[in-house]
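Below: one structure, written as structure tokens.
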Amino acid sequence: MQISEAWLREYVNPAINTEELTAQLTMAGLEVDSVQPAAAVFSGVVVGEVLAMGQHPDADRLRVCQVAVSAAEPLQIVCGASNVRVGLKIPVALCGAVLPGDFKIKKSKLRGVESFGMLCSEKELGLAADANGLMELAVDAPVGVDIREYLALNDTLIEIDLTPNRADCLSVEGIAREVAVLNQMAWTATSNEAVTITHQDILTVNVEATTACPRYLGRLIKDVNPNAETPLWMQERLRRSGLRSLGPLVDVTNYVLIELGQPLHAFDADKLNGAITVRYARTDEALTLLNGQTIKLDSEALIIADDKQALALAGIMGGSDSAVSGDTRNVFLECAFFAPQSIAGKARRFGLHTDSSHRFERGVDATLQHRAIERASQLIIDIAGGNAGAITEITTDSALPERTAILLRKERAAKILGVTLVDEEIVDIVQRLGMSVQTQSDGWLVTPPGFRFDIAIEADLIEEIARIYGYNKLPNNRLLMRSELSPATEAVMDIERVKDLLVDRGYQEAITYSFVDEHIQKIVAPVDEVISLKNPISSEMAVMRTTLWCGLLKVALHNTNRQQNRVRLFETGLRFVTKEGQIQQQKMLAGLALGSAYNEQWGEKIRKIDFFDVKADVEAMFGLTACNVQFMSANQTALHPGQTAEILSATGESIGWLGMLHPTLEKQLGFETQVFLFELDQNLLLNKSIPVFKPLSKYPLVRRDLALIVKEGVTAEQLTAHIKSCNEPSLQDIVIFDIYRGKGVDEGYKSIALGLVLQNNTQTLTDAEIDTVINSLLNTLIEKISAKLRD
């Protein structure tokens, strides 16, 4: 919300400077984002009038003008603007003037003709980004007056970042009301009386959606002047509020929007067919908006329609087919109250965000419509003439918001504020905020005004008292907390320990949104049932993620596109899945790695990361919990069919996945290198085996190495699992140190060399005992996987 300080001070003018005013607003919860001058720095520019004009002797596009700037002789100024004419009043930069950008005006010759100044456009004065000609001033502009004084350019623009609950401050009057409360002053609201009704014609209005539109006002204004122009004072106020002039009819509705906070809309009455109806759209009904966008409506879209077609998206934007233009002579002026829940999210669904939707979504005062339509009617008649008809009003009282009384307890207020305020001070603050107060034995019954949608409970009232009393005047008290220490189980590991491990192994933590692009979600997890947002921030954040890979892949691609060729990322967060019709949240830990296995160095040759590098990282995490897991070959839609493993617990429960991104996805997403991913269920990952003390044996270790021929499909995991299944108490460790394929080994088979480490706790093992253990293990392997000793 951007406002002019000068405009604000017409309502309330406290004896404080700009810096103090902005600090006051910020401390009251209306955070000031920026403060800047209303116009660029320039000097030496006055109001001038073109008295005479002649053709330049040597240039077809130049005119030699005689311009009055004071009581002295007129100045001769050469000008090439297309709109220069006799009688026009314009800003004139005199010789010696300094324009924005430190551009100095000097006496000069243009094609041999002397020029003693320059006629200026808005662009040259820094008042607009572009201009089509000279800046035209009002016919009654006083000649010779400094243009900064005439346009009141010694003003300050204050931009306020309002929180969504403070819709009451989305107007100059709203900010003025707040400043008056903070400074304990009276303020002057915009005064306007009902315009005189000069014709009896009305337009029939029907409201079908009474809950969404509890109040609708309309007025027919006939015979406006299509050649009328918006007065300069209004154009300037709109410019200082961040809006450009679009003609008097649109400018008036925008002006009242900024002044009072009530959106209005002007229809060209001659383009309407029959009665006006407020209703919900029919499926696939089309509407072309003022911005040229054609949208397909649905049954949830609230519209304004006539007997033939949809005219406007209610509370959001009008349609081009009924828009006012330079030829409009008859206007139907609309002013309505739309319930916030009927407008919220609708603009964003169609890719829109307008000043009107911004206000209706947050809540507009339901008592403001009569005042706003009378104010707009008077301004239109003052500027463009016309004859006003009677107001047509449709109101459904039962659907209007009710302001219920809230009990404010003295003890509760004192406890939360940390200070006991006298009763009179609390009542004074609440009444200055526009609320009605009834005294009770233990406090007050407070009824909020219609413009304060955000005040609904006792805590809201206490917050308002603290805000107006002054946060910096509240005492600083230390919190007193009494709590019992709960026991910490050793069976569950803290996720922070896992994060530390990953950081130690070269990973960086990423934090991504829980809502993702539906396109990425579908290609990464095509079989997952996605949860779509009803009110997404954007199309790129339309669905809830079913896997953390969606965000990590996007982040990794962002990095590789910026010459980061070695990326290691991990993230902990929630994924959202649907099971048995219920939405469930699961805590997950996911990781991504791509590029070289090591940072570039002299002691190690560069090689690309592979499946086993990432598997080692995953195994290291499970090493923290001392839990046995299995990596089983499996298929996953997002991963390479030959380099994918499902991670299972000792009981066969799925913990997660590990593998290389599928080559098709790799190409679709735009990666130029292999990408490896893992994702684990946090709850299963963090389950910890509690260590149990085991006495150390004082007898020596014995190692026996074996070379076994097994089928190609036998995995190391299967081999070690079968050995462990023998439950041999003297077996301490199994080490696989070589895998061989080639000469001497039949095709379809491989040689696995492994070391078996044996140790007894009660004696030194004899050769006979060792041979018995080895033979027992060999027989198991022969029986289970048809293994045989290699010659």
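Ordering of the structure tokens sets the chain letters (A, B, ...); residue numbers start at 1 within each chain; ligands are numbered from 1 in the order shown.
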
Can you pull out the residues contacting segment 93-110 of chain A? Cut-off 8 Å, using only C-alpha atoms, and skip same-chain residues under 6 positions away; I want them as a list in words.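 My list of contacting residues is Ala40, Val41, Phe42, Ser43, Gly44, Val45, Val46, Val78, Phe116, Gly117, Met118, Leu119, Cys120, Glu124, Leu125 and Gly126 of chain A.
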
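Distances to Val32 of chain A were evaluated for A:Ser633, A:Thr18, A:Asn165, A:Ser786 using only C-alpha atoms, and the minimum falls at A:Thr18.
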
Record the distance separating atom CA of Thr253 of chain A and atom CA of Asp306 of chain A, expressed in Å with one decimal. 21.1 Å

Hey, which of A:Leu665, A:Ala344, A:Cys627, A:Ile455 ends up closest to Cys550 of chain A? Count only C-alpha atoms.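 The answer is A:Leu665, which sits nearest to Cys550 of chain A.
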
Considering only C-alpha atoms, give me a table of residues in segment 294-356 of chain A that are at most 9 Å from segment 368-384 of chain A, with the closest atom pair and distance in Å for each, as JSON lines.
```
{"residue": "A:Leu333", "atom": "CA", "partner": "A:Ile373", "partner_atom": "CA", "distance": 7.6}
{"residue": "A:Glu334", "atom": "CA", "partner": "A:Ile373", "partner_atom": "CA", "distance": 7.7}
{"residue": "A:Cys335", "atom": "CA", "partner": "A:Gln369", "partner_atom": "CA", "distance": 6.0}
{"residue": "A:Ala336", "atom": "CA", "partner": "A:Gln369", "partner_atom": "CA", "distance": 6.3}
{"residue": "A:Phe337", "atom": "CA", "partner": "A:Gln369", "partner_atom": "CA", "distance": 7.2}
```

Which of these, A:Leu297, A:Met53, A:Val324, A:Ile609, has the shortest distance to Lys271 of chain A once you count only C-alpha atoms?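 Ranked by minimum distance to Lys271 of chain A, first place goes to A:Val324.
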
Spatial neighbours of segment 461-465 of chain A, 10 Å, only C-alpha atoms, chain gap at least 6 places, as a short mmCIF file (atom, residue, chain, number, x, y, z; two decimals) with C-alpha atoms, in the first residue's frame:
```cif
data_model
loop_
_atom_site.label_atom_id
_atom_site.label_comp_id
_atom_site.auth_asym_id
_atom_site.auth_seq_id
_atom_site.Cartn_x
_atom_site.Cartn_y
_atom_site.Cartn_z
CA ALA A 28 2.12 -0.13 15.61
CA GLY A 29 2.36 -3.13 13.29
CA ILE A 406 -16.26 -10.02 22.98
CA LEU A 407 -15.63 -10.24 26.72
CA LEU A 408 -12.37 -8.52 27.67
CA ARG A 409 -11.33 -9.54 31.21
CA LYS A 410 -9.21 -7.21 33.33
CA ARG A 412 -6.51 -11.67 31.56
CA ALA A 413 -5.34 -8.42 29.99
CA ALA A 414 -3.00 -7.70 32.90
CA ILE A 416 -0.81 -11.20 29.10
CA LEU A 417 0.45 -7.62 28.95
CA LEU A 421 -3.46 -0.51 33.02
CA GLU A 425 -6.96 3.94 29.72
CA ILE A 426 -8.16 0.59 28.37
CA VAL A 427 -11.62 2.01 27.60
CA ASP A 428 -10.06 5.05 25.93
CA ILE A 429 -7.86 2.90 23.65
CA VAL A 430 -10.70 0.60 22.67
CA LEU A 433 -10.20 2.19 17.77
CA VAL A 446 -16.42 -4.92 23.35
CA PRO A 448 -15.59 -4.33 16.99
CA ASP A 454 -9.48 -9.42 12.28
CA ILE A 455 -10.89 -8.89 15.79
CA TYR A 471 5.13 -2.40 22.67
#
```

Counting only C-alpha atoms, the residue of A:Thr26, A:Ser121, A:Asn83, A:Asn387 that sits nearest Val224 of chain A: A:Asn387

Need to verify the contact set: Ile520 of chain A, 12 Å, only C-alpha atoms, exclusion of same-chain residues closer than 2 positions in sequence. Can you return it as a PyMOL selection string? chain A and resi 515-518+522-526+530+539-554+638+665-666+668-669

Go ahead and write the selection's residues with C-alpha atoms as an mmCIF file, in the first residue's frame.
```
data_model
loop_
_atom_site.group_PDB
_atom_site.id
_atom_site.type_symbol
_atom_site.label_atom_id
_atom_site.label_comp_id
_atom_site.auth_asym_id
_atom_site.auth_seq_id
_atom_site.Cartn_x
_atom_site.Cartn_y
_atom_site.Cartn_z
ATOM 1 C CA PHE A 515 4.320 -28.249 -2.724
ATOM 2 C CA VAL A 516 5.859 -28.904 -6.120
ATOM 3 C CA ASP A 517 5.287 -28.683 -9.846
ATOM 4 C CA GLU A 518 2.714 -31.278 -10.910
ATOM 5 C CA LYS A 522 4.149 -36.991 -12.321
ATOM 6 C CA ILE A 523 7.354 -37.907 -14.128
ATOM 7 C CA VAL A 524 9.223 -38.768 -10.917
ATOM 8 C CA ALA A 525 6.385 -40.712 -9.274
ATOM 9 C CA PRO A 526 3.761 -41.422 -11.972
ATOM 10 C CA VAL A 530 -1.152 -36.709 -5.758
ATOM 11 C CA SER A 539 1.326 -23.492 -11.157
ATOM 12 C CA GLU A 540 4.822 -24.585 -10.115
ATOM 13 C CA MET A 541 3.538 -25.258 -6.585
ATOM 14 C CA ALA A 542 0.238 -26.950 -7.365
ATOM 15 C CA VAL A 543 0.526 -30.369 -5.660
ATOM 16 C CA MET A 544 1.916 -31.821 -2.440
ATOM 17 C CA ARG A 545 5.050 -33.909 -2.927
ATOM 18 C CA THR A 546 4.942 -37.677 -2.517
ATOM 19 C CA THR A 547 8.740 -37.833 -2.598
ATOM 20 C CA LEU A 548 11.484 -35.415 -1.571
ATOM 21 C CA TRP A 549 13.271 -36.164 -4.830
ATOM 22 C CA CYS A 550 11.107 -33.583 -6.675
ATOM 23 C CA GLY A 551 12.647 -30.669 -4.781
ATOM 24 C CA LEU A 552 16.188 -32.076 -4.696
ATOM 25 C CA LEU A 553 16.236 -32.666 -8.465
ATOM 26 C CA LYS A 554 15.115 -29.079 -9.088
ATOM 27 C CA ALA A 638 12.198 -43.111 -11.268
ATOM 28 C CA LEU A 665 14.138 -38.819 -16.643
ATOM 29 C CA GLU A 666 17.739 -37.652 -16.703
ATOM 30 C CA GLN A 668 13.720 -35.016 -19.605
ATOM 31 C CA LEU A 669 14.896 -32.947 -16.663
#
```

In segment 133-199 of chain A, DSSP alpha helix (DSSP H) residues written as a list in words: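 Restricting segment 133-199 of chain A to alpha helix (DSSP H) produces Ile147, Arg148, Glu149, Tyr150, Val172, Glu173, Gly174, Ile175, Ala176, Arg177, Glu178, Val179, Ala180, Val181 and Leu182 of chain A.
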
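Taking atom CA of Leu25 of chain A as the reference point, atom CA of Arg362 of chain A is found at 20.2 Å.
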
Contacts of Gln508 of chain A at 8 Å (only C-alpha atoms; same-chain gap of 2+ positions) as an MDAnalysis selection string: chainID A and resid 502:503 506 510 568:570

So which bits of segment 170-397 of chain A end up strand (DSSP E) when you DSSP the backbone, as a PyMOL selection string? chain A and resi 205-207+215-222+265-268+276-280+286-288+294-296+302-305+310-313+317-318+331-337+387-395
